[in-house]
Amino acid sequence: MSDTPLLKVSDLIVEFPTRNGVLRPVDRVGFEVRAGEILGLVGESGAGKSMCGSAIIGLIDRPGRISGGEIHLDGERIDNLPEERMRRIRGKKIAMVFQDPLTSLNPLMTVGQQLIQTIRTHLPLSQNDARAKAIALLEEVGIPAAATRIDAYPHQFSGGMRQRVVISLALAAEPELIIADEPTTALDVSVQAQIMALLKRLCRERGTAVILITHDMGVIAETTDRVAVLYAGRIAEIGPTRNVLSAPSHPYTVGLMASTPSTTGSLQTLSQIPGSMPNLRAIPKGCAFNQRCTKAISACFNDIPVLEPVNGSEVACWLYDPAYKQIEKEISGASE
Amino acid sequence: MTGDTPLISARSLGAVFDVSKPWLNRMLAMESKRFLTAVDTVDFDIPKGKTFALVGESGSGKSTIGRMIVGLQKPTSGQVLIDGEDFFAIKDQKRKLAMRRRIQMIFQSPYASLNPRWRVRHIIGEPIRAFELMPASEVDKRVAELLDQVGLAKSDGEKFPHEFSGGQRQRIAIARALASNPEFIVCDEPTSALDVSVQSQVLNLMKTLQRELGLTYLFISHDLSVIRYMADEIGVLYLGRLVEVADRDSLFENPRHPYTRMLMDAAPHIDAFGRTAEIVSGEIPDPINKPSGCSFHPRCTLTEDRCRQERPAVREFDNGKAKVACHLCTA
């Protein structure tokens, strides 16, 4: 791992103008990914995790747009590139793996045709060389009898094998960054374990960076190096995975971990976070979590907290604000 | 009801689907009929007030069993016994209706299971009207009571399903299931469409209701951690067959069938940082052409010749606390 980040996202804002005002599914999100690193983006539905991925690869549907912040890949700014330039980066430098492998493959083309097309779009190879490379790729992602299976259509593969094909497509042009958006949500656990092991191996062997978008804390724990917890379009907490999951600091992360059932450990009543994620049309003033937070103080209802270092992670919560700590100390001092 | 009769029993329950192509196509292609055995001689009992859980991957037949238990689908073989009585053998329509009232179901997607054009009070009141449980004038009062029971406000009854979040919709589905005062509820993946923080709300609500109303649950899920939280006894399904049935502690402390062990290992753990699960090769085989002998043998690491040829019988272990269908299981 080098010191300069491969991808740097700073203060990213994505907005959707609608009849009822402007919605902000991503609000001042910033993070870095280094080569060979797996960063997890975790959050519940509507947290903005997929939108972050789409913004990085430049695939936000109109009328949505990036209205603030910058995205740098290898030191080059990519969020304001003309479509033609972005198209060359997409697939070549950044690739994407989607949730449902059946909808991300063309049902009318054999997997070989799709692979060869992708390879030849990005690399100067002859038809035969591209085919050889395609077979090598299919072998690398663990498809048995790749030399014959290359001429099969997507529907002739099982779900897990299809997702392997999608991953081989993503790898075709040897990208530096793969964005995997819920890559195993549609798969059974035994197949999920296979796909996750594959992603980890590829990342290690090739030094490819991965942004793994998921709602599954277990997958995050086992796969990622660092994790960003998103809530209502903002990062609540970001840091090394072990840190964030075993010693969470933000009340939302604390609640999320306590409400996740586990196959080991205590069987006591699961704690629950009251309410549900606010609608994008009605994000409360101040901290977006304030309505559901049991520890909210007056600052939480007025100002948006920013990420500050807490216990080796970065946390956006007023409870860790030095001024609040000072007041708290004074109050407890006065009561003694 | 005697203390010994379980509330619900499945007796060598089987479901076979005819998946053949139309007659003419079959004749042209010289193919024979093809059958899919979705459920294969499944046996279990659910005592009153307990939760029995079915766990398995896609295609294991867990939802088909649920549908047969509530009477939505007739079993091809075997029986569903309710209080010792074969549900599908009841001829008297009135008695059949009375039996149906005692059984309800909660479905996976609260987006698909609620009529979007009905007001919530209408949705929740439907079972009351369908079973003619009380005069129309009292239905609204009962609906308000049910809304309160699942943690919603009385005024929510006037709204439509789209005005609610996923978790609240599942609460509405639960209130509707409770409306006919059932004793037994089949819950088919009730929280797999929900976010974690909302999932725990719904699971806790279901547990509270079970305690307060003495409900019996058949809980269907693919998620072992949810199952561990909810179930008293668990049945593990693979390709339509129960490979292991054991009480919760026994199953999680000492999983006996290799498939159960594989499921437990493959499930991601929130405290296993950087772990790579032991890889199981392959995926669930084609249920139309199941492997010979033990269906799990192509993926099992312990396979012997016997597993390929001979179908393992269900054997009891630990004084009957665990029933396992595996040749190699010894204790």
# chains A, B, ... in the order shown; residues from 1 in each chain; ligands from 1

$ select_by_dssp --residues "range 13-261 of chain B" --states "strand (DSSP E or B)" --output "MDAnalysis selection string"
chainID B and resid 13:18 35:46 51:55 77:82 85:86 103:106 184:188 216:221 233:238 241:247

$ interface_residues --of "chain A" --to "chain B" --cutoff "7 Å" --atoms "only C-alpha atoms" --output "list in words"
Glu44, Ser45, Asp188, Val189, Ser190, Val191, Ala193, Gln194, Ala197, Met217, Gly218, Val219, Ala221, Glu222, Thr223, Arg242, Leu256, Ser259, Thr260, Pro261, Ser262, Thr263, Leu267, Leu270, Gln272, Ile273 and Ser276 of chain A

$ write_last_selection --atoms "N, CA and C atoms" --output "compact mmCIF listing (two decimals), in the first residue's frame"
# COMPACT_ATOMS: atom_id res chain seq x y z
N GLU A 44 -28.13 1.71 5.91
CA GLU A 44 -29.42 1.11 5.62
C GLU A 44 -29.95 1.67 4.31
N SER A 45 -31.09 1.17 3.86
CA SER A 45 -31.58 1.65 2.57
C SER A 45 -31.85 3.15 2.65
N ASP A 188 -26.95 -17.00 -2.15
CA ASP A 188 -27.02 -17.77 -0.91
C ASP A 188 -25.73 -17.64 -0.12
N VAL A 189 -25.80 -17.87 1.20
CA VAL A 189 -24.62 -17.65 2.04
C VAL A 189 -23.40 -18.45 1.60
N SER A 190 -23.60 -19.71 1.20
CA SER A 190 -22.42 -20.50 0.85
C SER A 190 -21.75 -19.93 -0.39
N VAL A 191 -22.56 -19.40 -1.33
CA VAL A 191 -22.00 -18.81 -2.54
C VAL A 191 -21.43 -17.44 -2.22
N ALA A 193 -19.92 -16.61 0.46
CA ALA A 193 -18.59 -16.82 1.03
C ALA A 193 -17.57 -17.03 -0.09
N GLN A 194 -17.98 -17.77 -1.14
CA GLN A 194 -17.07 -18.00 -2.26
C GLN A 194 -16.71 -16.69 -2.97
N ALA A 197 -14.43 -14.43 -0.84
CA ALA A 197 -13.06 -14.93 -0.82
C ALA A 197 -12.37 -14.58 -2.14
N MET A 217 -23.39 -6.11 8.05
CA MET A 217 -22.26 -5.85 8.95
C MET A 217 -21.30 -7.03 9.00
N GLY A 218 -21.82 -8.25 8.85
CA GLY A 218 -20.95 -9.42 8.87
C GLY A 218 -19.99 -9.41 7.70
N VAL A 219 -20.50 -9.08 6.51
CA VAL A 219 -19.66 -9.01 5.32
C VAL A 219 -18.60 -7.92 5.51
N ALA A 221 -17.32 -6.85 8.33
CA ALA A 221 -16.33 -7.28 9.31
C ALA A 221 -15.30 -8.20 8.68
N GLU A 222 -15.78 -9.14 7.87
CA GLU A 222 -14.88 -10.15 7.35
C GLU A 222 -14.07 -9.70 6.16
N THR A 223 -14.56 -8.69 5.43
CA THR A 223 -13.94 -8.37 4.16
C THR A 223 -13.14 -7.07 4.14
N ARG A 242 -12.12 -2.89 12.37
CA ARG A 242 -12.13 -3.49 13.70
C ARG A 242 -12.51 -2.44 14.75
N LEU A 256 -26.72 0.33 15.74
CA LEU A 256 -26.73 -0.62 14.63
C LEU A 256 -26.08 -1.93 15.06
N SER A 259 -28.23 -3.87 17.50
CA SER A 259 -29.49 -4.44 17.00
C SER A 259 -29.24 -5.53 15.96
N THR A 260 -27.96 -5.85 15.69
CA THR A 260 -27.66 -6.92 14.75
C THR A 260 -27.60 -8.25 15.49
N PRO A 261 -28.48 -9.19 15.15
CA PRO A 261 -28.39 -10.49 15.82
C PRO A 261 -27.14 -11.22 15.36
N SER A 262 -26.66 -12.14 16.19
CA SER A 262 -25.42 -12.84 15.85
C SER A 262 -25.58 -14.33 16.10
N THR A 263 -24.74 -15.13 15.45
CA THR A 263 -24.84 -16.58 15.66
C THR A 263 -24.02 -17.02 16.87
N LEU A 267 -27.79 -13.98 24.04
CA LEU A 267 -29.11 -14.17 23.45
C LEU A 267 -30.11 -13.21 24.07
N LEU A 270 -32.61 -8.08 21.79
CA LEU A 270 -31.88 -7.17 20.91
C LEU A 270 -32.29 -5.75 21.25
N GLN A 272 -33.03 -1.93 20.17
CA GLN A 272 -33.57 -1.43 18.92
C GLN A 272 -33.45 0.08 18.86
N ILE A 273 -33.23 0.60 17.64
CA ILE A 273 -33.20 2.04 17.45
C ILE A 273 -34.64 2.45 17.15
N SER A 276 -37.31 5.15 12.06
CA SER A 276 -36.56 4.69 10.91
C SER A 276 -35.88 5.88 10.25

$ residues_around --residues "range 9-17 of chain A" --least-positions-apart "2" --cutoff "8 Å" --atoms "only C-alpha atoms" --output "list in words"
Leu7, Arg19, Gly21, Val22, Leu23, Arg24, Pro25, Val26, Asp27, Arg28, Val29, Gly30, Phe31, Glu32, Met51, Ala55, Pro63, Gly64, Arg65, Ile66, Ser67, Gly68, Gly69, Glu70, Ile71 and His72 of chain A

$ closest_atom_pairs --of "range 176-236 of chain B" --to "range 108-125 of chain B" --cutoff "10 Å" --atoms "only C-alpha atoms" --output "Markdown table"
| residue | atom | partner | partner_atom | distance |
| --- | --- | --- | --- | --- |
| B:Arg176 | CA | B:Ile124 | CA | 4.2 |
| B:Ala177 | CA | B:Ile124 | CA | 7.9 |
| B:Leu178 | CA | B:Ile124 | CA | 8.6 |
| B:Ala179 | CA | B:Ile124 | CA | 6.6 |
| B:Ser180 | CA | B:Gly125 | CA | 8.9 |
| B:Cys187 | CA | B:Gln108 | CA | 7.9 |
| B:Asp188 | CA | B:Gln108 | CA | 5.6 |
| B:Glu189 | CA | B:Gln108 | CA | 4.8 |
| B:Pro190 | CA | B:Gln108 | CA | 4.7 |
| B:Thr191 | CA | B:Gln108 | CA | 6.7 |
| B:Ser192 | CA | B:Gln108 | CA | 6.7 |
| B:Ala193 | CA | B:Ser109 | CA | 6.1 |
| B:Leu194 | CA | B:Ser109 | CA | 8.8 |
| B:Ile220 | CA | B:Gln108 | CA | 9.5 |
| B:Ser221 | CA | B:Gln108 | CA | 9.5 |

$ residues_around --residues "Ala180 in chain A" --least-positions-apart "5" --cutoff "8 Å" --atoms "only C-alpha atoms" --output "PyMOL selection string"
chain A and resi 96-99+210-213

$ residues_around --residues "Arg102 in chain B" --least-positions-apart "6" --cutoff "9 Å" --atoms "only C-alpha atoms" --output "PyMOL selection string"
chain B and resi 180-185

$ residues_around --residues "Ala47 in chain A" --least-positions-apart "2" --cutoff "6 Å" --atoms "only C-alpha atoms" --output "list in words"
Gly43, Glu44, Ser45, Lys49, Leu230, Tyr231, Ala232 and Gly233 of chain A

$ write_last_selection --atoms "N, CA and C atoms" --output "JSON list (two decimals), in the first residue's frame"
[["chain", "number", "residue", "atom", "x", "y", "z"],
["A", 43, "GLY", "N", -24.62, 1.00, 5.35],
["A", 43, "GLY", "CA", -25.73, 1.86, 5.75],
["A", 43, "GLY", "C", -27.02, 1.18, 5.40],
["A", 44, "GLU", "N", -28.13, 1.71, 5.91],
["A", 44, "GLU", "CA", -29.42, 1.11, 5.62],
["A", 44, "GLU", "C", -29.95, 1.67, 4.31],
["A", 45, "SER", "N", -31.09, 1.17, 3.86],
["A", 45, "SER", "CA", -31.58, 1.65, 2.57],
["A", 45, "SER", "C", -31.85, 3.15, 2.65],
["A", 49, "LYS", "N", -25.42, 5.10, -0.01],
["A", 49, "LYS", "CA", -24.19, 4.36, -0.31],
["A", 49, "LYS", "C", -24.05, 4.04, -1.79],
["A", 230, "LEU", "N", -22.70, 5.20, 6.75],
["A", 230, "LEU", "CA", -23.46, 6.32, 6.19],
["A", 230, "LEU", "C", -24.84, 6.39, 6.82],
["A", 231, "TYR", "N", -25.31, 7.60, 7.03],
["A", 231, "TYR", "CA", -26.66, 7.78, 7.53],
["A", 231, "TYR", "C", -27.26, 9.02, 6.87],
["A", 232, "ALA", "N", -28.37, 8.84, 6.19],
["A", 232, "ALA", "CA", -29.06, 9.93, 5.51],
["A", 232, "ALA", "C", -28.11, 10.78, 4.66],
["A", 233, "GLY", "N", -27.22, 10.11, 3.92],
["A", 233, "GLY", "CA", -26.36, 10.81, 2.98],
["A", 233, "GLY", "C", -25.08, 11.36, 3.57]]

$ select_by_dssp --residues "range 54-120 of chain B" --states "helix (DSSP H, G or I)" --output "list of chain:residue names"
B:Lys62, B:Ser63, B:Thr64, B:Ile65, B:Gly66, B:Arg67, B:Met68, B:Ile69, B:Val70, B:Phe87, B:Phe88, B:Ala89, B:Gln93, B:Lys94, B:Arg95, B:Lys96, B:Leu97, B:Ala98, B:Met99, B:Arg100, B:Arg101, B:Val120

$ closest_residue --among "A:Gly75, A:Lys200, A:Glu237, A:Asn311" --to "Thr224 in chain A" --atoms "only C-alpha atoms"
A:Lys200
